[in-house]
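Structure data follow from coords_26.csv (CSV, C-alpha atoms):
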```csv
chain,number,residue,atom,x,y,z
V,1,MET,CA,-12.5,84.2,3.6
V,2,ARG,CA,-15.9,83.3,2.3
V,3,THR,CA,-16.9,79.6,2.3
V,4,ASP,CA,-20.0,78.2,0.8
V,5,ALA,CA,-22.1,75.3,2.3
V,6,ARG,CA,-21.6,72.2,0.3
V,7,ARG,CA,-22.9,68.7,0.4
V,8,HIS,CA,-20.4,66.3,2.0
V,9,HIS,CA,-22.2,63.0,1.5
V,10,ASP,CA,-23.9,61.0,-1.1
V,11,PRO,CA,-27.7,61.3,-0.4
V,12,GLN,CA,-28.3,58.0,-2.2
V,13,VAL,CA,-26.3,56.0,0.3
V,14,ARG,CA,-28.3,54.3,3.1
V,15,GLY,CA,-27.3,51.8,5.6
V,16,PHE,CA,-28.9,49.7,8.3
V,17,ALA,CA,-27.0,50.8,11.4
V,18,SER,CA,-29.7,53.0,13.0
V,19,ASP,CA,-32.8,54.9,12.3
V,20,ASN,CA,-30.9,57.9,13.7
V,21,TYR,CA,-28.8,57.9,10.6
V,22,ALA,CA,-31.8,59.0,8.5
V,23,GLY,CA,-32.3,62.7,7.8
V,24,ALA,CA,-35.4,64.7,8.7
V,25,HIS,CA,-38.6,64.1,6.8
V,26,PRO,CA,-39.3,66.8,4.2
V,27,GLU,CA,-42.7,67.6,5.9
V,28,VAL,CA,-40.8,68.2,9.2
V,29,LEU,CA,-38.3,70.5,7.5
V,30,ALA,CA,-41.2,72.4,6.0
V,31,ALA,CA,-42.7,72.8,9.4
V,32,ILE,CA,-39.5,74.2,10.8
V,33,ALA,CA,-39.4,76.7,8.0
V,34,LEU,CA,-43.0,77.6,8.7
V,35,ALA,CA,-42.2,78.4,12.4
V,36,ASN,CA,-39.2,80.5,11.4
V,37,GLY,CA,-39.3,84.2,11.0
V,38,GLY,CA,-40.5,86.9,13.4
V,39,HIS,CA,-40.4,86.7,17.2
V,40,GLN,CA,-42.0,84.1,19.5
V,41,VAL,CA,-41.8,84.0,23.3
V,42,ALA,CA,-38.9,81.8,24.4
V,43,TYR,CA,-38.7,78.8,26.7
V,44,GLY,CA,-42.0,77.2,25.7
V,45,GLU,CA,-44.4,80.1,25.9
V,46,ASP,CA,-44.7,80.2,22.1
V,47,ASP,CA,-47.8,79.4,20.0
V,48,TYR,CA,-46.3,76.2,18.6
V,49,THR,CA,-45.7,74.6,22.0
V,50,GLY,CA,-49.1,75.7,23.1
V,51,HIS,CA,-50.7,74.0,20.1
V,52,LEU,CA,-48.6,70.9,20.7
V,53,GLN,CA,-50.4,70.4,24.0
V,54,ARG,CA,-53.7,70.2,22.1
V,55,VAL,CA,-52.2,67.7,19.7
V,56,MET,CA,-50.9,65.6,22.5
V,57,HIS,CA,-54.4,65.6,24.1
V,58,SER,CA,-55.8,64.1,20.9
V,59,HIS,CA,-53.4,61.2,21.2
V,60,PHE,CA,-53.1,60.7,25.0
V,61,GLY,CA,-56.2,62.3,26.6
V,62,PRO,CA,-57.0,65.7,28.2
V,63,THR,CA,-54.7,65.3,31.2
V,64,ALA,CA,-51.5,64.7,29.1
V,65,GLU,CA,-48.9,67.5,29.3
V,66,ALA,CA,-45.9,67.5,27.0
V,67,PHE,CA,-42.5,68.9,28.0
V,68,PRO,CA,-40.3,69.2,24.8
V,69,VAL,CA,-36.7,68.3,25.3
V,70,PHE,CA,-33.6,68.0,23.1
V,71,ASN,CA,-33.0,64.3,23.0
V,72,GLY,CA,-34.1,60.8,24.3
V,73,THR,CA,-31.5,60.5,27.1
V,74,GLY,CA,-32.6,63.9,28.4
V,75,ALA,CA,-36.3,62.8,28.2
V,76,ASN,CA,-35.6,59.7,30.2
V,77,VAL,CA,-33.5,61.4,32.8
V,78,VAL,CA,-36.0,64.2,33.4
V,79,ALA,CA,-38.9,61.7,33.5
V,80,LEU,CA,-37.2,59.4,35.9
V,81,GLN,CA,-36.1,62.2,38.2
V,82,ALA,CA,-39.7,63.5,38.3
V,83,LEU,CA,-40.9,60.0,39.4
V,84,THR,CA,-38.3,59.3,42.1
V,85,ASP,CA,-37.0,60.5,45.4
V,86,ARG,CA,-33.3,61.0,46.0
V,87,TRP,CA,-33.2,57.5,47.5
V,88,GLY,CA,-35.3,55.9,44.7
V,89,ALA,CA,-34.5,53.2,42.3
V,90,VAL,CA,-35.8,52.2,38.9
V,91,ILE,CA,-36.5,48.6,37.9
V,92,CYS,CA,-35.7,47.9,34.2
V,93,ALA,CA,-34.7,45.2,31.8
V,94,GLU,CA,-31.0,44.5,31.7
V,95,SER,CA,-31.1,45.4,28.0
V,96,ALA,CA,-32.9,48.7,28.5
V,97,HIS,CA,-31.6,51.7,26.8
V,98,ILE,CA,-31.4,53.6,30.1
V,99,ASN,CA,-29.0,50.9,31.3
V,100,VAL,CA,-26.7,50.1,28.4
V,101,ASP,CA,-26.8,53.1,26.0
V,102,GLU,CA,-27.0,56.3,28.0
V,103,GLY,CA,-23.5,56.5,29.4
V,104,GLY,CA,-24.8,56.1,33.0
V,105,ALA,CA,-26.8,59.3,32.7
V,106,PRO,CA,-29.8,58.2,34.7
V,107,GLU,CA,-27.5,57.2,37.6
V,108,ARG,CA,-24.8,59.9,37.2
V,109,MET,CA,-27.0,62.9,36.2
V,110,GLY,CA,-30.3,61.7,37.6
V,111,GLY,CA,-28.9,60.5,40.8
V,112,LEU,CA,-30.9,57.3,40.9
V,113,LYS,CA,-30.2,53.6,41.0
V,114,LEU,CA,-31.1,51.2,38.2
V,115,LEU,CA,-32.1,47.7,39.3
V,116,THR,CA,-31.8,45.5,36.2
V,117,VAL,CA,-33.5,42.2,35.4
V,118,PRO,CA,-32.3,39.8,32.6
V,119,THR,CA,-35.0,39.1,30.1
V,120,PRO,CA,-35.1,36.7,27.1
V,121,ASP,CA,-36.8,39.1,24.8
V,122,GLY,CA,-36.3,42.6,26.2
V,123,LYS,CA,-39.7,42.5,27.9
V,124,LEU,CA,-40.4,42.7,31.6
V,125,THR,CA,-43.3,40.8,33.3
V,126,PRO,CA,-44.7,41.1,36.8
V,127,GLU,CA,-42.8,38.0,37.8
V,128,LEU,CA,-39.5,39.5,36.5
V,129,ILE,CA,-40.2,42.8,38.2
V,130,ASP,CA,-40.6,40.9,41.5
V,131,ARG,CA,-36.9,39.9,41.3
V,132,GLN,CA,-36.1,43.4,42.2
V,133,ALA,CA,-39.3,44.7,43.8
V,134,TYR,CA,-38.5,44.3,47.5
V,135,GLY,CA,-36.8,46.0,50.4
V,136,TRP,CA,-38.8,49.2,50.6
V,137,ASP,CA,-38.1,49.6,54.3
V,138,ASP,CA,-34.4,48.5,54.0
V,139,GLU,CA,-32.3,51.6,54.5
V,140,HIS,CA,-29.3,49.6,53.0
V,141,ARG,CA,-31.0,49.2,49.6
V,142,ALA,CA,-32.2,51.8,47.1
V,143,MET,CA,-36.0,51.9,47.2
V,144,PRO,CA,-37.8,50.6,44.1
V,145,GLN,CA,-40.1,53.4,43.1
V,146,VAL,CA,-40.5,53.1,39.3
V,147,VAL,CA,-40.7,50.4,36.7
V,148,SER,CA,-39.4,51.5,33.3
V,149,ILE,CA,-40.3,49.6,30.2
V,150,THR,CA,-39.4,50.3,26.5
V,151,GLN,CA,-41.9,50.2,23.7
V,152,ASN,CA,-40.8,48.8,21.4
V,153,THR,CA,-37.9,47.1,23.2
V,154,GLU,CA,-34.2,47.3,22.4
V,155,LEU,CA,-34.6,43.8,20.9
V,156,GLY,CA,-37.3,44.9,18.5
V,157,THR,CA,-40.1,43.1,20.4
V,158,VAL,CA,-43.4,44.8,21.2
V,159,TYR,CA,-45.5,44.7,24.3
V,160,THR,CA,-49.2,44.1,23.9
V,161,PRO,CA,-51.6,46.4,25.7
V,162,ASP,CA,-52.6,43.6,28.0
V,163,GLU,CA,-48.9,43.0,28.9
V,164,ILE,CA,-48.4,46.6,29.8
V,165,ARG,CA,-51.6,46.7,31.8
V,166,ALA,CA,-50.4,43.8,33.8
V,167,ILE,CA,-47.1,45.5,34.5
V,168,CYS,CA,-48.9,48.8,35.5
V,169,ASP,CA,-51.4,47.0,37.8
V,170,HIS,CA,-48.6,45.1,39.4
V,171,ALA,CA,-46.4,48.1,39.9
V,172,HIS,CA,-49.1,50.3,41.2
V,173,GLU,CA,-50.3,47.6,43.7
V,174,ARG,CA,-46.7,47.8,45.1
V,175,GLY,CA,-46.7,51.6,45.3
V,176,MET,CA,-44.5,52.0,42.2
V,177,LYS,CA,-45.0,54.2,39.2
V,178,VAL,CA,-44.5,53.2,35.5
V,179,HIS,CA,-42.4,55.0,32.9
V,180,LEU,CA,-42.4,54.1,29.3
V,181,ASP,CA,-39.4,54.8,27.1
V,182,GLY,CA,-41.1,55.5,23.8
V,183,ALA,CA,-38.1,56.3,21.5
V,184,ARG,CA,-39.8,54.1,18.9
V,185,ILE,CA,-43.4,54.4,20.2
V,186,ALA,CA,-44.7,55.1,16.7
V,187,ASN,CA,-43.2,51.8,15.4
V,188,ALA,CA,-44.9,49.9,18.3
V,189,ALA,CA,-48.3,51.5,17.5
V,190,ALA,CA,-47.9,50.7,13.8
V,191,SER,CA,-47.0,47.1,14.6
V,192,LEU,CA,-50.0,46.7,17.0
V,193,ASP,CA,-52.3,48.7,14.7
V,194,VAL,CA,-53.8,50.6,17.7
V,195,PRO,CA,-53.7,54.2,18.9
V,196,MET,CA,-50.8,55.1,21.2
V,197,ARG,CA,-53.2,55.7,24.1
V,198,THR,CA,-54.2,52.0,23.9
V,199,PHE,CA,-50.9,50.9,25.5
V,200,THR,CA,-50.1,54.0,27.5
V,201,ASN,CA,-52.5,56.1,29.6
V,202,THR,CA,-55.4,53.7,29.0
V,203,VAL,CA,-53.6,50.8,30.7
V,204,GLY,CA,-51.9,52.9,33.5
V,205,VAL,CA,-48.6,54.3,32.3
V,206,ASP,CA,-47.8,57.4,34.3
V,207,VAL,CA,-45.1,59.1,32.2
V,208,LEU,CA,-43.6,58.4,28.8
V,209,SER,CA,-40.6,59.6,26.9
V,210,PHE,CA,-42.0,60.4,23.4
V,211,GLY,CA,-39.6,59.8,20.6
V,212,GLY,CA,-39.5,62.1,17.5
V,213,THR,CA,-36.0,61.8,16.1
V,214,LYS,CA,-36.1,58.2,15.1
V,215,ASN,CA,-39.5,58.8,13.4
V,216,GLY,CA,-38.4,61.6,11.1
V,217,ALA,CA,-37.7,64.7,13.3
V,218,LEU,CA,-34.5,66.7,12.9
V,219,PHE,CA,-34.0,66.6,16.7
V,220,GLY,CA,-36.3,66.7,19.7
V,221,GLU,CA,-38.4,64.5,22.0
V,222,ALA,CA,-40.8,65.2,24.8
V,223,VAL,CA,-41.6,64.0,28.3
V,224,VAL,CA,-45.4,63.4,28.3
V,225,VAL,CA,-46.9,63.4,31.7
V,226,LEU,CA,-50.1,61.2,31.6
V,227,ASN,CA,-50.7,61.1,35.3
V,228,PRO,CA,-50.1,64.5,36.9
V,229,ASP,CA,-50.3,63.1,40.4
V,230,ALA,CA,-47.3,60.9,39.7
V,231,VAL,CA,-44.7,63.6,39.1
V,232,ARG,CA,-43.4,66.8,40.7
V,233,ALA,CA,-41.4,69.8,39.6
V,234,MET,CA,-41.2,68.8,35.9
V,235,LYS,CA,-40.4,72.2,34.6
V,236,HIS,CA,-37.7,72.8,37.2
V,237,LEU,CA,-36.1,69.3,36.5
V,238,ARG,CA,-36.1,70.0,32.8
V,239,LYS,CA,-34.1,73.2,33.3
V,240,LEU,CA,-31.9,71.6,35.9
V,241,SER,CA,-31.1,68.8,33.5
V,242,MET,CA,-30.1,71.2,30.7
V,243,GLN,CA,-33.1,70.2,28.5
V,244,LEU,CA,-35.0,73.5,28.4
V,245,ALA,CA,-34.8,74.8,24.8
V,246,SER,CA,-34.9,78.6,24.5
V,247,LYS,CA,-36.3,78.4,21.0
V,248,MET,CA,-38.6,75.6,21.9
V,249,ARG,CA,-40.9,76.4,19.0
V,250,PHE,CA,-38.5,74.5,16.7
V,251,VAL,CA,-38.8,71.3,18.8
V,252,SER,CA,-42.6,71.6,19.2
V,253,VAL,CA,-43.4,72.3,15.6
V,254,GLN,CA,-41.5,69.1,14.6
V,255,LEU,CA,-43.6,67.0,16.9
V,256,GLU,CA,-46.7,68.8,15.8
V,257,ALA,CA,-45.8,68.0,12.1
V,258,LEU,CA,-45.5,64.3,13.0
V,259,LEU,CA,-48.6,64.1,15.2
V,260,ALA,CA,-51.2,66.5,14.0
V,261,LYS,CA,-52.1,64.2,11.1
V,262,ASP,CA,-50.7,60.8,10.3
V,263,LEU,CA,-47.1,61.4,9.3
V,264,TRP,CA,-45.8,59.6,12.5
V,265,LEU,CA,-47.9,56.5,11.5
V,266,ARG,CA,-46.9,56.6,7.8
V,267,ASN,CA,-43.2,56.8,8.7
V,268,ALA,CA,-43.5,54.0,11.2
V,269,ARG,CA,-45.5,51.7,9.0
V,270,HIS,CA,-43.0,52.1,6.2
V,271,ALA,CA,-40.0,51.4,8.4
V,272,ASN,CA,-41.7,48.3,9.9
V,273,ALA,CA,-42.6,47.1,6.4
V,274,MET,CA,-39.0,47.4,5.2
V,275,ALA,CA,-37.9,45.4,8.3
V,276,GLN,CA,-40.4,42.7,7.3
V,277,ARG,CA,-39.1,42.7,3.8
V,278,LEU,CA,-35.5,42.4,5.1
V,279,ALA,CA,-36.4,39.6,7.4
V,280,GLU,CA,-38.2,37.6,4.7
V,281,GLY,CA,-35.2,37.8,2.5
V,282,VAL,CA,-32.8,36.9,5.3
V,283,ARG,CA,-34.9,33.8,6.2
V,284,ALA,CA,-34.2,32.5,2.7
V,285,ILE,CA,-30.4,32.6,3.1
V,286,ASP,CA,-28.8,29.5,4.6
V,287,GLY,CA,-26.5,30.1,7.5
V,288,VAL,CA,-28.1,33.3,8.8
V,289,GLU,CA,-30.3,33.0,11.9
V,290,ILE,CA,-32.9,35.6,12.9
V,291,LEU,CA,-32.7,35.9,16.7
V,292,HIS,CA,-35.9,37.6,17.8
V,293,PRO,CA,-39.4,38.1,16.4
V,294,VAL,CA,-39.4,41.0,13.9
V,295,GLN,CA,-42.3,43.1,15.2
V,296,ALA,CA,-41.1,46.7,14.5
V,297,ASN,CA,-38.3,48.1,12.4
V,298,ALA,CA,-35.3,46.0,13.7
V,299,VAL,CA,-33.9,42.7,12.6
V,300,PHE,CA,-31.5,40.9,14.9
V,301,ALA,CA,-29.5,38.1,13.3
V,302,ARG,CA,-26.5,35.8,13.8
V,303,LEU,CA,-24.0,35.1,11.0
V,304,PRO,CA,-20.4,34.2,10.6
V,305,HIS,CA,-18.0,36.9,12.0
V,306,ALA,CA,-16.0,37.1,8.8
V,307,VAL,CA,-19.1,37.6,6.7
V,308,THR,CA,-20.2,40.5,9.0
V,309,GLU,CA,-16.9,42.2,8.6
V,310,ARG,CA,-16.9,42.0,4.8
V,311,LEU,CA,-20.5,43.1,4.7
V,312,GLN,CA,-19.8,46.1,6.9
V,313,GLU,CA,-17.4,47.3,4.2
V,314,ARG,CA,-20.4,47.6,1.9
V,315,PHE,CA,-23.1,48.7,4.2
V,316,ARG,CA,-23.0,50.4,7.6
V,317,PHE,CA,-24.5,48.4,10.5
V,318,TYR,CA,-23.4,47.4,14.0
V,319,PHE,CA,-22.5,44.3,15.9
V,320,TRP,CA,-25.0,43.7,18.8
V,321,ASP,CA,-22.9,41.0,20.5
V,322,GLU,CA,-19.6,40.7,18.6
V,323,ALA,CA,-18.5,37.6,20.6
V,324,ALA,CA,-21.6,35.7,19.6
V,325,GLY,CA,-21.7,37.1,16.1
V,326,ASP,CA,-25.0,38.9,16.6
V,327,VAL,CA,-25.8,42.0,14.6
V,328,ARG,CA,-28.7,44.5,14.4
V,329,TRP,CA,-30.2,45.8,11.2
V,330,MET,CA,-32.4,48.9,11.5
V,331,CYS,CA,-34.8,50.3,8.9
V,332,SER,CA,-36.0,53.9,8.8
V,333,PHE,CA,-38.8,56.0,7.3
V,334,ASP,CA,-36.7,56.6,4.2
V,335,THR,CA,-35.4,53.0,3.7
V,336,ARG,CA,-36.3,52.0,0.1
V,337,GLU,CA,-37.1,48.6,-1.2
V,338,ASP,CA,-34.1,48.9,-3.5
V,339,ASP,CA,-31.9,49.5,-0.4
V,340,VAL,CA,-33.2,46.3,1.2
V,341,ASP,CA,-32.8,44.2,-2.0
V,342,ALA,CA,-29.3,45.5,-2.5
V,343,PHE,CA,-28.4,44.6,1.0
V,344,LEU,CA,-29.8,41.1,0.7
V,345,GLN,CA,-27.9,40.5,-2.5
V,346,ALA,CA,-24.7,41.6,-0.8
V,347,LEU,CA,-25.4,39.3,2.1
V,348,LYS,CA,-26.0,36.4,-0.3
V,349,GLU,CA,-22.7,37.1,-2.1
V,350,GLU,CA,-20.7,37.3,1.2
V,351,MET,CA,-22.3,34.1,2.6
V,352,ALA,CA,-21.4,32.3,-0.7
V,353,ARG,CA,-17.7,33.3,-0.4
```
Let me see the file written as structure tokens.
Amino acid sequence: MRTDARRHHDPQVRGFASDNYAGAHPEVLAAIALANGGHQVAYGEDDYTGHLQRVMHSHFGPTAEAFPVFNGTGANVVALQALTDRWGAVICAESAHINVDEGGAPERMGGLKLLTVPTPDGKLTPELIDRQAYGWDDEHRAMPQVVSITQNTELGTVYTPDEIRAICDHAHERGMKVHLDGARIANAAASLDVPMRTFTNTVGVDVLSFGGTKNGALFGEAVVVLNPDAVRAMKHLRKLSMQLASKMRFVSVQLEALLAKDLWLRNARHANAMAQRLAEGVRAIDGVEILHPVQANAVFARLPHAVTERLQERFRFYFWDEAAGDVRWMCSFDTREDDVDAFLQALKEEMAR
């Protein structure tokens, strides 16, 4: 029986649940079509992956090497494995994505221990790191070998370059390496209005997980090695972790489309601007509290539980802490001003009931 592909959703409907809900940017889809057709060598020996290396050099310097992978969890697991021994541990914020949103993959699949630290704003500091940075010679304790930070953080806050430099200096002085989870690295760069290298290789980050999906890719991220001396066996770990794409050109060409010019920055600036528009409107509504500085494309707020449940019937978004009444609203590269304004109107109406 023949079946025809049909649209199963209304393309005019947008929510505020996640920037992963957005589709792929049209320029990314065009790049995929461009890479299609004919034969290219598999497993990363294709022309597109080769050119991606040169594009990454323009952003992160001549020593940077990109290893495209399927998704963010895979990028983090591969990167952390490459930085640790079997007995190694990773210090991270308690709210870090690798700790709360990856199903235990770094520990179960990567075989490493996460040493978490509570933070008020999602950001680590040298002082907070030292709560877990001890016991290197204690065989009863997993050895701290890596500090992992997220830019921007899971709470929507952004590290300054000086803050990351202080973390890198502190970690390196103690013999540890630094991993940066950059699932939303473009939003952080747009917020700071600086090149990505300013808060990565320039200040001492050893390896980063580069995010493409939340910035407009269909799928695909990359582990970017900034310090070759910090890692080992990257290509073997990528395969072992089931992150080696046979048709890698279709991952690489998406990252190239984002990075070769300024699409990554345009997308991030727009998403950030929509979050600022949303935050400004929310501040004008009595009874709704914004919980963290709005520095990228996320707004965290607290409002009555009943209001949230009614509002969720009109727009898709998530509780962040249901017991406290905290929610998270995310904006994307395709969020429109009309989307934000309609959401704010609905929020006003539900608060007034």
Handout entry: Spatial neighbours of Leu83 (chain V), max dist 9 Å, all atoms listed in the file, sep filter under 3 positions, as a VMD selection string
Key = chain V and resid 78 to 80 88 145 to 146 177 to 179 206 to 207 230 to 232
Handout entry: Shell around Asn272 (chain V) at 9 Å using all atoms listed in the file, local window under 3 positions removed, as a ChimeraX atom specification
Key = /V:187,190-191,267-269,275-277,294-298,331-333
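Take the candidates V:Ala186, V:Ala66, V:Leu112, V:Ala133 and check each one against Glu173 (chain V) using only C-alpha atoms; the shortest distance goes to V:Ala133.
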Exercise for the section: Mind checking which residues fall within 12 Å of Ile91 (chain V), counting all atoms listed in the file, ignoring those fewer than 3 positions away in the same chain, and posting them as a ChimeraX atom specification? Expected result: /V:80,84,88,94-96,98-99,112-118,124-126,128-134,142-150,167,171,176-180
Set the distance at 8 Å and use only C-alpha atoms: which residues neighbour Leu311 (chain V) once local chain neighbours fewer than 2 positions away are removed? I'd like the list as a PDB file with C-alpha atoms, in the frame of the given file.
```
ATOM      1  CA  VAL V 307     -19.100  37.600   6.700  1.00  0.00           C
ATOM      2  CA  THR V 308     -20.200  40.500   9.000  1.00  0.00           C
ATOM      3  CA  GLU V 309     -16.900  42.200   8.600  1.00  0.00           C
ATOM      4  CA  GLU V 313     -17.400  47.300   4.200  1.00  0.00           C
ATOM      5  CA  ARG V 314     -20.400  47.600   1.900  1.00  0.00           C
ATOM      6  CA  PHE V 315     -23.100  48.700   4.200  1.00  0.00           C
ATOM      7  CA  ALA V 346     -24.700  41.600  -0.800  1.00  0.00           C
ATOM      8  CA  LEU V 347     -25.400  39.300   2.100  1.00  0.00           C
ATOM      9  CA  GLU V 350     -20.700  37.300   1.200  1.00  0.00           C
TER      10      GLU V 350
END
```
Exercise for the section: Between CA of Gly103 (chain V) and CA of Gln151 (chain V), measure the distance and give it in Å to one decimal. Expected result: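 It comes out at 20.3 Å.
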Practice task
Fewer than 5 positions away in the same chain doesn't count, so skip those; otherwise give me all residues within 8 Å of region 54-61 of chain V, counting all atoms listed in the file, as a PyMOL selection string.
Solution key: chain V and resi 66+195-197+200-201+226+256+259-260
Exercise for the section: Measure the distance from CA of Val90 (chain V) to CA of Met330 (chain V) in Å and round it to one decimal. Expected result: 27.8 Å
Around (-39.0, 56.2, 3.8) in the file's own coordinates, what residues are found within 12 Å if you use only C-alpha atoms, given back as a short mmCIF file (atom, residue, chain, number, x, y, z; two decimals) with C-alpha atoms, in the frame of the given file?
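Final output, saved to result.cif:
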```
data_model
loop_
_atom_site.label_atom_id
_atom_site.label_comp_id
_atom_site.auth_asym_id
_atom_site.auth_seq_id
_atom_site.Cartn_x
_atom_site.Cartn_y
_atom_site.Cartn_z
CA ARG V 14 -28.30 54.30 3.10
CA ASP V 19 -32.80 54.90 12.30
CA ALA V 22 -31.80 59.00 8.50
CA GLY V 23 -32.30 62.70 7.80
CA ALA V 24 -35.40 64.70 8.70
CA HIS V 25 -38.60 64.10 6.80
CA PRO V 26 -39.30 66.80 4.20
CA LYS V 214 -36.10 58.20 15.10
CA ASN V 215 -39.50 58.80 13.40
CA GLY V 216 -38.40 61.60 11.10
CA LEU V 263 -47.10 61.40 9.30
CA TRP V 264 -45.80 59.60 12.50
CA LEU V 265 -47.90 56.50 11.50
CA ARG V 266 -46.90 56.60 7.80
CA ASN V 267 -43.20 56.80 8.70
CA ALA V 268 -43.50 54.00 11.20
CA ARG V 269 -45.50 51.70 9.00
CA HIS V 270 -43.00 52.10 6.20
CA ALA V 271 -40.00 51.40 8.40
CA ASN V 272 -41.70 48.30 9.90
CA ALA V 273 -42.60 47.10 6.40
CA MET V 274 -39.00 47.40 5.20
CA ALA V 275 -37.90 45.40 8.30
CA ASN V 297 -38.30 48.10 12.40
CA CYS V 331 -34.80 50.30 8.90
CA SER V 332 -36.00 53.90 8.80
CA PHE V 333 -38.80 56.00 7.30
CA ASP V 334 -36.70 56.60 4.20
CA THR V 335 -35.40 53.00 3.70
CA ARG V 336 -36.30 52.00 0.10
CA GLU V 337 -37.10 48.60 -1.20
CA ASP V 338 -34.10 48.90 -3.50
CA ASP V 339 -31.90 49.50 -0.40
CA VAL V 340 -33.20 46.30 1.20
#
```
Handout entry: Coordinates-based distance that separates CA of Ala75 (chain V) from CA of Ile185 (chain V) (Å, one decimal)
Key = 13.6 Å
Exercise for the section: Determine the nearest neighbour of Asp47 (chain V) from the options V:Val253, V:Ala301, V:Met242, V:Leu258, counting all atoms listed in the file. Expected result: V:Val253
Handout entry: Pick from V:Ile290, V:Met234, V:Arg310, V:Asn71, whichever lies nearest to Asn20 (chain V) using only C-alpha atoms
Key = V:Asn71
Practice task
Go through V:Thr153, V:Thr73, V:Ser252, V:Ser18 one by one, measure the shortest atom-to-atom distance of each to Ala217 (chain V) using all atoms listed in the file, and give the residue with the smallest value.
Solution key: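 Nearest to Ala217 (chain V): V:Ser252.
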